[in-house]
Amino acid sequence: MNKRWPAAFALAGIAWYASDSLRHRREGGHGYELEASLDVAGDSFLRATEALTGAPVSYGNDVELLVNGDNIFPAFLETIGSAKKTLNLLTYVYWTGDIAHDVADALSQRARAGVICNVLLDAVGAMKMDTSLVSSMEEAGVRVRRFRPVKPYAIRRIANRTHRKILVADGRIGMTGGVGIAQEWTGNGDDPEHWRDTHVRVRGPVVRGLQGAFAENWLEATGEVLAGDGYLPELGPVDGGGAMQVMRSSAGVGDTDAEALYFLAIASSRESLDLTSAYFAPRPAFIEALVEASHRGVEVRILVPGPHMDKEIVRQAGRSTYERLLSQGVRIFEFQPTMLHAKSMVVDGIWSSVGSVNFDNRSFQLNDEATLCVQSRRFAAQLLEVFEQDLAHSKEFRSGSWRERPLRQRAFEQAGRIIRREL
């Protein structure tokens, strides 16, 4: 048995015990039904996403696609260095490696230059961070806080984390996506030591949505309301910019904004749906949404991690859905070179989402998440070009051969499926 299995099962058991998510989760086979025919290329779709999620659609925005650490981190450090008044960084993962020091040094330099620097770290996700980095930043004037520290009286919310990855400079330039601050994310995603991920940098009115996602978590952690022109300046449209929105989602009673957005996008697809997810373990309602899309003639392609996945129990839980999906025409690929940590979706070659949202219950119901939504054929084409490149390094599964997998493999899948709701 893989040496990670015992630890994975233990962690899953702790999450199940500690979480109060069963209190608010939609259970069982109750799915969704879209009562209108929407086109993701049209204004009616944008109005629906705005109404369901409360995320305002803004126009005149520019987005830059960044793939893997070799492209992401230079832009990340450049954005930090550009700040003149305020700098906000929110991350789930802040671990170790040269990049951890580089980011801390860049933040410290801006703080010494008089920039107000706020750093919010998830208390669980950033547990492996070198505490000396926190000390050095604080000595330079950076305000470092931890989101939901683990406390005995709050043990039942230990599973509810902020999974958002957000950087905002002066309220004018924003970055988000899937990348964490650690050695694993450096490089070009072409070997097991360097992960494959996707990030974006945006300018225009949509940056206010990223700032809001940061400010919401900062308010909970500190009680401070971030306001004023340094954080929320007037943002005019960028020439030639397009329609975008930032969906932010939090655990709560009933369906989350992430669930509503993803279902609406899947149900509105007409031609193609290309999903990349680091952690793919959907509940039945979303399995059926994908199947229904395939039945409508939509080409549904799903790209997930392969043998280098960092959480094997999640991989097995996701694999328990393959038989149903493959038998109904959905195509599934597993990425082979390294851990695939990206989270993106492209619908009908025009509407896209890039952010921190995985296709699992943890993102849909347990965590605070954020994703950038873009209605643009140009940007969708860029994402699809990367998707096709990833498929060239992936293994596709076929329905017939998948049904012949060994009993031992099926047993692992069922073990993962049992605790899928807490993954």
# chains A, B, ... in the order shown; residues from 1 in each chain; ligands from 1

call {"tool": "select_by_dssp", "arguments": {"residues": "range 221-399 of chain A", "states": "helix (DSSP H, G or I)", "output": "VMD selection string"}}
result
chain A and resid 221 to 222 257 to 268 284 to 295 312 to 319 322 to 327 361 to 366 377 to 391 399

call {"tool": "select_by_dssp", "arguments": {"residues": "range 37-245 of chain A", "states": "strand (DSSP E)", "output": "MDAnalysis selection string"}}
result
chainID A and resid 58:67 86:91 116:122 143:147 166:169 173:177 198:203 242:245

call {"tool": "write_last_selection", "arguments": {"atoms": "C-alpha atoms", "output": "PDB file, in the first residue's frame"}}
result
ATOM      1  CA  SER A  58     -17.483  44.798 -14.715  1.00  0.00           C
ATOM      2  CA  TYR A  59     -16.280  45.823 -18.152  1.00  0.00           C
ATOM      3  CA  GLY A  60     -12.995  47.175 -19.432  1.00  0.00           C
ATOM      4  CA  ASN A  61     -10.679  44.669 -17.750  1.00  0.00           C
ATOM      5  CA  ASP A  62      -7.421  43.187 -18.958  1.00  0.00           C
ATOM      6  CA  VAL A  63      -6.127  39.739 -17.976  1.00  0.00           C
ATOM      7  CA  GLU A  64      -2.695  38.151 -18.357  1.00  0.00           C
ATOM      8  CA  LEU A  65      -2.407  34.354 -18.287  1.00  0.00           C
ATOM      9  CA  LEU A  66       0.592  32.995 -16.365  1.00  0.00           C
ATOM     10  CA  VAL A  67       1.553  29.311 -16.491  1.00  0.00           C
ATOM     11  CA  THR A  86      -0.919  49.381  -0.098  1.00  0.00           C
ATOM     12  CA  LEU A  87      -0.191  45.714  -0.630  1.00  0.00           C
ATOM     13  CA  ASN A  88      -2.440  42.828   0.360  1.00  0.00           C
ATOM     14  CA  LEU A  89      -1.405  39.171   0.185  1.00  0.00           C
ATOM     15  CA  LEU A  90      -3.658  36.257   1.099  1.00  0.00           C
ATOM     16  CA  THR A  91      -2.545  32.663   0.676  1.00  0.00           C
ATOM     17  CA  ILE A 116       1.125  49.425   4.100  1.00  0.00           C
ATOM     18  CA  CYS A 117       1.638  45.666   3.717  1.00  0.00           C
ATOM     19  CA  ASN A 118      -0.985  43.227   4.984  1.00  0.00           C
ATOM     20  CA  VAL A 119      -0.309  39.488   4.830  1.00  0.00           C
ATOM     21  CA  LEU A 120      -2.978  36.944   5.783  1.00  0.00           C
ATOM     22  CA  LEU A 121      -1.959  33.299   6.091  1.00  0.00           C
ATOM     23  CA  ASP A 122      -4.327  30.406   6.573  1.00  0.00           C
ATOM     24  CA  ARG A 143       1.380  43.192   9.302  1.00  0.00           C
ATOM     25  CA  VAL A 144       1.145  39.385   9.335  1.00  0.00           C
ATOM     26  CA  ARG A 145      -1.992  37.698  10.619  1.00  0.00           C
ATOM     27  CA  ARG A 146      -3.277  34.113  10.654  1.00  0.00           C
ATOM     28  CA  PHE A 147      -6.751  33.125   9.523  1.00  0.00           C
ATOM     29  CA  ILE A 166      -4.862  36.794  -3.762  1.00  0.00           C
ATOM     30  CA  LEU A 167      -2.332  39.565  -4.265  1.00  0.00           C
ATOM     31  CA  VAL A 168      -3.455  43.190  -4.754  1.00  0.00           C
ATOM     32  CA  ALA A 169      -1.147  46.187  -5.198  1.00  0.00           C
ATOM     33  CA  ILE A 173      -3.320  45.354  -9.967  1.00  0.00           C
ATOM     34  CA  GLY A 174      -4.500  41.942  -8.801  1.00  0.00           C
ATOM     35  CA  MET A 175      -3.358  38.348  -9.052  1.00  0.00           C
ATOM     36  CA  THR A 176      -5.155  35.098  -8.309  1.00  0.00           C
ATOM     37  CA  GLY A 177      -5.089  31.447  -9.275  1.00  0.00           C
ATOM     38  CA  THR A 198      -2.069  28.446 -13.538  1.00  0.00           C
ATOM     39  CA  HIS A 199      -2.364  32.028 -12.309  1.00  0.00           C
ATOM     40  CA  VAL A 200      -3.628  35.341 -13.727  1.00  0.00           C
ATOM     41  CA  ARG A 201      -2.839  39.028 -13.338  1.00  0.00           C
ATOM     42  CA  VAL A 202      -5.617  41.554 -13.919  1.00  0.00           C
ATOM     43  CA  ARG A 203      -6.101  45.294 -14.258  1.00  0.00           C
ATOM     44  CA  GLY A 242     -13.575  42.789 -21.506  1.00  0.00           C
ATOM     45  CA  ALA A 243     -16.260  41.540 -19.120  1.00  0.00           C
ATOM     46  CA  MET A 244     -15.071  39.862 -15.925  1.00  0.00           C
ATOM     47  CA  GLN A 245     -16.164  39.139 -12.379  1.00  0.00           C
TER      48      GLN A 245
END

call {"tool": "residues_around", "arguments": {"residues": "Ser327 in chain A", "least_positions_apart": "6", "cutoff": "10 Å", "atoms": "only C-alpha atoms", "output": "list in words"}}
result
Val291, Arg398, Ser399, Gly400, Trp402 and Arg403 of chain A

call {"tool": "closest_residue", "arguments": {"among": "A:Gln211, A:Thr371, A:Asn71, A:Ser376", "to": "Met247 in chain A", "atoms": "only C-alpha atoms"}}
result
A:Thr371

call {"tool": "residues_around", "arguments": {"residues": "Arg110 in chain A", "least_positions_apart": "2", "cutoff": "10 Å", "atoms": "only C-alpha atoms", "output": "list in words"}}
result
Ile80, Gly81, Ser82, Ala83, Lys84, Lys85, Thr86, Leu87, Asp105, Ala106, Leu107, Ser108, Arg112, Ala113, Gly114, Val115, Ile116, Cys117, Ala140, Gly141 and Val142 of chain A

call {"tool": "residues_around", "arguments": {"residues": "Tyr322 in chain A", "least_positions_apart": "2", "cutoff": "9 Å", "atoms": "only C-alpha atoms", "output": "list of chain:residue names"}}
result
A:Gly318, A:Arg319, A:Ser320, A:Arg324, A:Leu325, A:Leu326, A:Ser327, A:Val330, A:Ile332, A:Phe397, A:Ser399, A:Trp402

call {"tool": "closest_residue", "arguments": {"among": "A:Gly228, A:Pro74, A:Gly236, A:Gly329", "to": "Ala293 in chain A", "atoms": "only C-alpha atoms"}}
result
A:Gly329

call {"tool": "closest_atom_pairs", "arguments": {"of": "range 226-260 of chain A", "to": "range 284-288 of chain A", "cutoff": "12 Å", "atoms": "only C-alpha atoms", "output": "JSON lines"}}
result
{"residue": "A:Asp255", "atom": "CA", "partner": "A:Ala285", "partner_atom": "CA", "distance": 11.9}
{"residue": "A:Glu259", "atom": "CA", "partner": "A:Phe286", "partner_atom": "CA", "distance": 8.9}
{"residue": "A:Ala260", "atom": "CA", "partner": "A:Phe286", "partner_atom": "CA", "distance": 10.8}

call {"tool": "closest_residue", "arguments": {"among": "A:His341, A:His163, A:His295, A:Arg270", "to": "Arg196 in chain A", "atoms": "only C-alpha atoms"}}
result
A:His341

call {"tool": "residues_around", "arguments": {"residues": "Glu33 in chain A", "least_positions_apart": "2", "cutoff": "12 Å", "atoms": "only C-alpha atoms", "output": "list in words"}}
result
His30, Gly31, Glu35, Ala36, Ser37, Ala260, Phe263, Leu264, Ile266, Ala267, Ser268, Ala285, Phe286, Glu288, Ala289 and Glu292 of chain A

call {"tool": "atom_distance", "arguments": {"atom1": "CA of Asp98 in chain A", "atom2": "CA of Ala278 in chain A"}}
result
24.0 Å

call {"tool": "residues_around", "arguments": {"residues": "range 179-187 of chain A", "least_positions_apart": "4", "cutoff": "6 Å", "atoms": "only C-alpha atoms", "output": "list in words"}}
result
Gly69, Asp70, Val93, Tyr94, Trp95, Thr96, Gly97, Ala100, Glu193, His194 and Trp195 of chain A
